[in-house]
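Trainee: Got a structure for you, questions after.
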Amino acid sequence: IPPNPGIDCVYEGAAVARKAGCDFVIAIGGGSPMDAAKVIALLAKTDVPQEKLFAGSYGADILPMVFVPTTAGTGSEVTPYAIITNDAAETKTGIATPLFFPKLALLDAKYIKSLSHSTMVNTVVDSLSHSVEGMLSVRASALSDALAVKGIALVGECLGPLAEGTLSEEQREKLLLASTLGGMVISNTGTTAVHAMGYS
């Protein structure tokens with residue numbers, strides 16, 4: 001899956017899944033592979049014309065999914081969202097459906113041990129933004145705020161080593177958990193204009 005996958009990518013992946021008779025989809029990677037996997041799992045079981053991909057009507061059938069995040073940022077392993085590049089609109093467009101919640105998410109900090117320093121910093125900022133935006137959202141609740149506060153605190157505990165590129169295994173685990181908590185937050189609150197501006 002390329003960075004910021006587009007419509008052609010997910011339709012090609014779905015065609016491969018159908019031809020192979022796949023029983024489930026495993027996504028290993030950051031936001032791009034996980035988001036693409038959601039749409040591939042959907043399209044493998046549901047015939048949605050390309051021009052209606054972003055219309056919001058998807059039926060109820062999807063291949064089961066297992067996600068293994070390898071960044072500490074998107075939280076896509078616990079969200080009902082997939083962000084796909086929409087070349088016609090010259091932007092990224094979100095698709096949201098409860099079908100996109102994976103059956104299983106496997107969080108293991110050893111999979112983010114080899115991340116480059118810049119990727120680690122950028123993905124953690126994404127995670128932090130999810131929690132902060134969730135708290136600012138009009139849809140925030142006591143529960144989503146509790147998850148956000150914990151996520152923000154975990155990031156705060158790791159800021160020095162994150163900046164220096166000297167994260168321990170325990171700190172990587174904290175950042176991976178913070179990312180998942182941020183995903184849980186936006187699953188309830190959505191994101192705000194901050195994320196929409198980032199698409200540009």
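Please note that chains go A, B, ... in the order of the structure tokens, that every chain numbers its residues from 1, and that ligands are numbered from 1 in the order shown.
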How close does range 70-148 of chain A get to range 179-186 of chain A? List, as a tab-separated table, each residue of range 70-148 of chain A within 8 Å, its nearest atom pair and the distance in Å to one decimal, counting only C-alpha atoms.
Mentor:
```
residue	atom	partner	partner_atom	distance
A:Ala72	CA	A:Ser179	CA	5.2
A:Gly73	CA	A:Ser179	CA	5.0
A:Thr74	CA	A:Ser179	CA	6.4
A:Gly75	CA	A:Gly183	CA	4.0
A:Ser76	CA	A:Gly183	CA	6.2
A:Glu77	CA	A:Thr180	CA	7.3
A:Val78	CA	A:Gly183	CA	5.7
A:Thr79	CA	A:Gly183	CA	5.8
A:Val124	CA	A:Ser179	CA	7.2
A:Ser127	CA	A:Ser179	CA	4.9
A:Leu128	CA	A:Gly182	CA	7.1
A:His130	CA	A:Gly182	CA	5.1
A:Ser131	CA	A:Gly182	CA	4.9
A:Gly134	CA	A:Ile186	CA	5.8
A:Ser144	CA	A:Val185	CA	5.2
A:Asp145	CA	A:Val185	CA	7.6
A:Leu147	CA	A:Leu181	CA	5.9
A:Ala148	CA	A:Val185	CA	6.2
```
Trainee: Emit the selected residues as an mmCIF file, in the first residue's frame, including N, CA, C and O atoms.
Mentor:
```cif
data_model
loop_
_atom_site.group_PDB
_atom_site.id
_atom_site.type_symbol
_atom_site.label_atom_id
_atom_site.label_comp_id
_atom_site.auth_asym_id
_atom_site.auth_seq_id
_atom_site.Cartn_x
_atom_site.Cartn_y
_atom_site.Cartn_z
ATOM 1 N N ALA A 72 2.942 5.012 16.041
ATOM 2 C CA ALA A 72 2.245 5.411 17.268
ATOM 3 C C ALA A 72 1.473 6.691 16.997
ATOM 4 O O ALA A 72 1.711 7.713 17.630
ATOM 5 N N GLY A 73 0.563 6.640 16.018
ATOM 6 C CA GLY A 73 -0.081 7.878 15.644
ATOM 7 C C GLY A 73 -1.535 7.817 15.265
ATOM 8 O O GLY A 73 -2.362 8.527 15.828
ATOM 9 N N THR A 74 -1.908 6.975 14.304
ATOM 10 C CA THR A 74 -3.245 7.112 13.719
ATOM 11 C C THR A 74 -4.362 6.579 14.604
ATOM 12 O O THR A 74 -5.464 7.084 14.570
ATOM 13 N N GLY A 75 -4.101 5.525 15.354
ATOM 14 C CA GLY A 75 -5.161 4.898 16.129
ATOM 15 C C GLY A 75 -6.206 4.227 15.260
ATOM 16 O O GLY A 75 -7.274 3.854 15.736
ATOM 17 N N SER A 76 -5.897 4.040 13.978
ATOM 18 C CA SER A 76 -6.872 3.484 13.041
ATOM 19 C C SER A 76 -7.329 2.082 13.433
ATOM 20 O O SER A 76 -8.402 1.635 13.022
ATOM 21 N N GLU A 77 -6.541 1.414 14.258
ATOM 22 C CA GLU A 77 -6.900 0.052 14.677
ATOM 23 C C GLU A 77 -8.131 0.020 15.577
ATOM 24 O O GLU A 77 -8.658 -1.051 15.862
ATOM 25 N N VAL A 78 -8.589 1.188 16.030
ATOM 26 C CA VAL A 78 -9.774 1.236 16.897
ATOM 27 C C VAL A 78 -10.768 2.302 16.445
ATOM 28 O O VAL A 78 -11.549 2.810 17.245
ATOM 29 N N THR A 79 -10.758 2.644 15.150
ATOM 30 C CA THR A 79 -11.705 3.658 14.663
ATOM 31 C C THR A 79 -12.599 3.108 13.551
ATOM 32 O O THR A 79 -12.234 2.139 12.886
ATOM 33 N N VAL A 124 3.419 10.650 16.552
ATOM 34 C CA VAL A 124 3.027 10.973 17.926
ATOM 35 C C VAL A 124 2.271 12.302 17.961
ATOM 36 O O VAL A 124 1.296 12.451 18.700
ATOM 37 N N SER A 127 -1.206 11.539 17.053
ATOM 38 C CA SER A 127 -1.879 10.934 18.201
ATOM 39 C C SER A 127 -2.284 11.992 19.219
ATOM 40 O O SER A 127 -3.422 12.006 19.721
ATOM 41 N N LEU A 128 -1.358 12.883 19.537
ATOM 42 C CA LEU A 128 -1.640 13.948 20.500
ATOM 43 C C LEU A 128 -2.772 14.839 19.998
ATOM 44 O O LEU A 128 -3.668 15.216 20.753
ATOM 45 N N HIS A 130 -5.232 13.991 18.075
ATOM 46 C CA HIS A 130 -6.505 13.289 18.229
ATOM 47 C C HIS A 130 -7.084 13.517 19.623
ATOM 48 O O HIS A 130 -8.277 13.814 19.774
ATOM 49 N N SER A 131 -6.247 13.371 20.630
ATOM 50 C CA SER A 131 -6.742 13.526 22.003
ATOM 51 C C SER A 131 -7.128 14.969 22.298
ATOM 52 O O SER A 131 -8.173 15.228 22.909
ATOM 53 N N GLY A 134 -10.271 15.873 20.370
ATOM 54 C CA GLY A 134 -11.419 15.210 20.986
ATOM 55 C C GLY A 134 -11.935 15.981 22.182
ATOM 56 O O GLY A 134 -13.147 16.092 22.391
ATOM 57 N N SER A 144 -14.936 10.181 26.841
ATOM 58 C CA SER A 144 -13.920 10.490 25.827
ATOM 59 C C SER A 144 -12.852 11.410 26.401
ATOM 60 O O SER A 144 -11.664 11.281 26.077
ATOM 61 N N ASP A 145 -13.253 12.332 27.281
ATOM 62 C CA ASP A 145 -12.264 13.205 27.924
ATOM 63 C C ASP A 145 -11.311 12.417 28.815
ATOM 64 O O ASP A 145 -10.114 12.710 28.883
ATOM 65 N N LEU A 147 -10.333 9.311 28.380
ATOM 66 C CA LEU A 147 -9.383 8.646 27.484
ATOM 67 C C LEU A 147 -8.376 9.653 26.942
ATOM 68 O O LEU A 147 -7.170 9.368 26.852
ATOM 69 N N ALA A 148 -8.840 10.836 26.582
ATOM 70 C CA ALA A 148 -7.961 11.871 26.032
ATOM 71 C C ALA A 148 -6.938 12.331 27.053
ATOM 72 O O ALA A 148 -5.751 12.487 26.728
#
```
Trainee: As a VMD selection string, please: the residues near range 85-98 of chain A (cut-off 8 Å, only C-alpha atoms, same-chain neighbours under 3 positions excluded).
Mentor: chain A and resid 4 to 7 54 56 80 to 82 101 199 to 200
Trainee: Could you please take those selected residues and save N, CA, C and O atoms as a short mmCIF file (atom, residue, chain, number, x, y, z; two decimals), in the first residue's frame?
Mentor:
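Result file selection01.cif:
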```
data_model
loop_
_atom_site.label_atom_id
_atom_site.label_comp_id
_atom_site.auth_asym_id
_atom_site.auth_seq_id
_atom_site.Cartn_x
_atom_site.Cartn_y
_atom_site.Cartn_z
N ASN A 4 -0.87 7.46 1.60
CA ASN A 4 -2.09 8.12 1.15
C ASN A 4 -2.75 7.38 -0.01
O ASN A 4 -2.88 7.91 -1.11
N PRO A 5 -3.18 6.14 0.21
CA PRO A 5 -3.72 5.32 -0.89
C PRO A 5 -4.95 5.93 -1.53
O PRO A 5 -5.75 6.60 -0.86
N GLY A 6 -5.08 5.71 -2.82
CA GLY A 6 -6.20 6.25 -3.57
C GLY A 6 -7.24 5.20 -3.90
O GLY A 6 -7.14 4.03 -3.50
N ILE A 7 -8.21 5.62 -4.67
CA ILE A 7 -9.34 4.75 -5.01
C ILE A 7 -8.89 3.53 -5.81
O ILE A 7 -9.32 2.41 -5.54
N PHE A 54 -17.75 7.21 -1.70
CA PHE A 54 -17.84 8.14 -0.58
C PHE A 54 -19.28 8.53 -0.24
O PHE A 54 -19.52 9.47 0.50
N GLY A 56 -21.65 6.76 1.41
CA GLY A 56 -22.09 6.41 2.76
C GLY A 56 -23.05 5.25 2.87
O GLY A 56 -23.53 4.95 3.95
N PRO A 80 -13.73 3.76 13.32
CA PRO A 80 -14.62 3.36 12.22
C PRO A 80 -14.36 4.17 10.95
O PRO A 80 -15.21 4.27 10.08
N TYR A 81 -13.15 4.76 10.84
CA TYR A 81 -12.84 5.65 9.73
C TYR A 81 -11.77 5.09 8.83
O TYR A 81 -10.85 4.40 9.28
N ALA A 82 -11.86 5.45 7.55
CA ALA A 82 -10.78 5.21 6.59
C ALA A 82 -10.63 6.49 5.77
O ALA A 82 -11.62 7.04 5.30
N PHE A 101 -14.58 -1.27 12.24
CA PHE A 101 -13.88 -1.66 13.47
C PHE A 101 -13.29 -3.05 13.27
O PHE A 101 -14.03 -4.01 13.00
N TYR A 199 -5.21 18.06 5.53
CA TYR A 199 -5.36 17.39 4.25
C TYR A 199 -4.82 18.24 3.11
O TYR A 199 -4.31 17.73 2.12
N SER A 200 -4.93 19.54 3.24
CA SER A 200 -4.42 20.42 2.19
C SER A 200 -2.91 20.31 2.08
O SER A 200 -2.35 20.43 1.01
#
```
Trainee: Assign secondary structure with DSSP using the backbone only, and return the residues of range 6-182 of chain A in helix (DSSP H, G or I) as a ChimeraX atom specification.
Mentor: /A:7-20,31-43,50-52,76-78,98-100,109-112,117-136,142-157,159-164,169-182
Trainee: Could you check which of A:Ala41, A:Met135, A:Ala196, A:Ile152 is closest to Cys22 in chain A, using only C-alpha atoms?
Mentor: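 The closest residue to Cys22 in chain A is A:Ala41.
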Trainee: From the set A:Gly160, A:Lys103, A:Ser187, A:Lys113, which residue has the shortest atom-to-atom contact distance to Leu143 in chain A, counting only C-alpha atoms?
Mentor: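 Ranking A:Gly160, A:Lys103, A:Ser187, A:Lys113 by distance to Leu143 in chain A, first place goes to A:Ser187.
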Trainee: Report the residues of range 64-132 of chain A whose backbone DSSP state falls under strand (DSSP E or B), written as JSON, numbers by chain.
Mentor: {"A": [65, 66, 67, 68, 69, 81, 82, 83, 84, 85, 86, 91, 92, 93, 94, 95, 96, 104, 105]}
Trainee: Taking only C-alpha atoms into account, produce a table as a Markdown table in which each residue of range 83-132 of chain A with an atom at most 9 Å from an atom of range 169-174 of chain A appears once, together with its shortest atom pair and the distance in Å to one decimal, ordered by chain and rising number.
Mentor:
```
| residue | atom | partner | partner_atom | distance |
| --- | --- | --- | --- | --- |
| A:Leu107 | CA | A:Glu173 | CA | 8.5 |
| A:Asp108 | CA | A:Glu173 | CA | 7.3 |
| A:Ala109 | CA | A:Glu173 | CA | 5.0 |
| A:Lys110 | CA | A:Glu169 | CA | 7.5 |
| A:Ile112 | CA | A:Arg172 | CA | 7.3 |
| A:Lys113 | CA | A:Arg172 | CA | 7.5 |
```
Trainee: Any chance you can output those residues with N, CA and C atoms as a PDB file, in the first residue's frame?
Mentor:
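Saved the output as out_35.pdb:
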```pdb
ATOM      1  N   LEU A 107      -1.275  -4.821  19.637  1.00  0.00           N
ATOM      2  CA  LEU A 107      -0.358  -3.716  19.922  1.00  0.00           C
ATOM      3  C   LEU A 107       0.916  -4.269  20.533  1.00  0.00           C
ATOM      4  N   ASP A 108       2.024  -4.064  19.863  1.00  0.00           N
ATOM      5  CA  ASP A 108       3.314  -4.539  20.371  1.00  0.00           C
ATOM      6  C   ASP A 108       4.360  -3.495  20.018  1.00  0.00           C
ATOM      7  N   ALA A 109       4.951  -2.892  21.042  1.00  0.00           N
ATOM      8  CA  ALA A 109       5.891  -1.789  20.835  1.00  0.00           C
ATOM      9  C   ALA A 109       7.144  -2.197  20.075  1.00  0.00           C
ATOM     10  N   LYS A 110       7.427  -3.498  19.988  1.00  0.00           N
ATOM     11  CA  LYS A 110       8.630  -3.886  19.238  1.00  0.00           C
ATOM     12  C   LYS A 110       8.476  -3.555  17.752  1.00  0.00           C
ATOM     13  N   ILE A 112       7.415  -0.797  16.566  1.00  0.00           N
ATOM     14  CA  ILE A 112       7.738   0.600  16.284  1.00  0.00           C
ATOM     15  C   ILE A 112       9.180   0.929  16.672  1.00  0.00           C
ATOM     16  N   LYS A 113       9.920  -0.085  17.051  1.00  0.00           N
ATOM     17  CA  LYS A 113      11.300   0.135  17.493  1.00  0.00           C
ATOM     18  C   LYS A 113      12.184   0.676  16.376  1.00  0.00           C
TER      19      LYS A 113
END
```
Trainee: Which of these residues is nearest to Leu42 in chain A, using only C-alpha atoms: A:Leu106, A:Val25, A:Leu136, A:Ala55?
Mentor: A:Val25
Trainee: What is the CA of Ala163 in chain A to CA of Val121 in chain A distance in Å?
Mentor: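 Between these atoms lies a distance of 7.4 Å.
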Trainee: Counting only C-alpha atoms, which residue out of A:Ala37, A:Ala140, A:Val155, A:Leu167 sits closest to Thr192 in chain A?
Mentor: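 Counting only C-alpha atoms, the residue closest to Thr192 in chain A is A:Ala140.
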Trainee: I want to know what sits within 12 Å of Leu63 in chain A, based on only C-alpha atoms, with residues of the same chain fewer than 6 positions away left out; could you give that as a ChimeraX atom specification?
Mentor: /A:14,17-18,21-26,37-46,99-103
Trainee: Taking only C-alpha atoms into account, which of A:Ala146, A:Leu159, A:Val125, A:Ala178 comes nearest His195 in chain A?
Mentor: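 Once distances to His195 in chain A are computed over only C-alpha atoms, the minimum belongs to A:Val125.
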Trainee: Of the candidates A:Leu175, A:Val66, A:Ala27, A:Val138, which one gets nearest to Glu157 in chain A if we count only C-alpha atoms?
Mentor: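 Closest to Glu157 in chain A, using only C-alpha atoms: A:Leu175.
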Trainee: Between CA of Gly59 in chain A and CA of Pro33 in chain A, what is the distance, to one decimal in Å?
Mentor: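 Answer for the CA of Gly59 in chain A to CA of Pro33 in chain A separation: 22.6 Å.
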Trainee: Quote the spacing between CA of Gly151 in chain A and CA of Leu176 in chain A in Å to one decimal place.
Mentor: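 Computing the Euclidean distance for CA of Gly151 in chain A and CA of Leu176 in chain A yields 9.6 Å.
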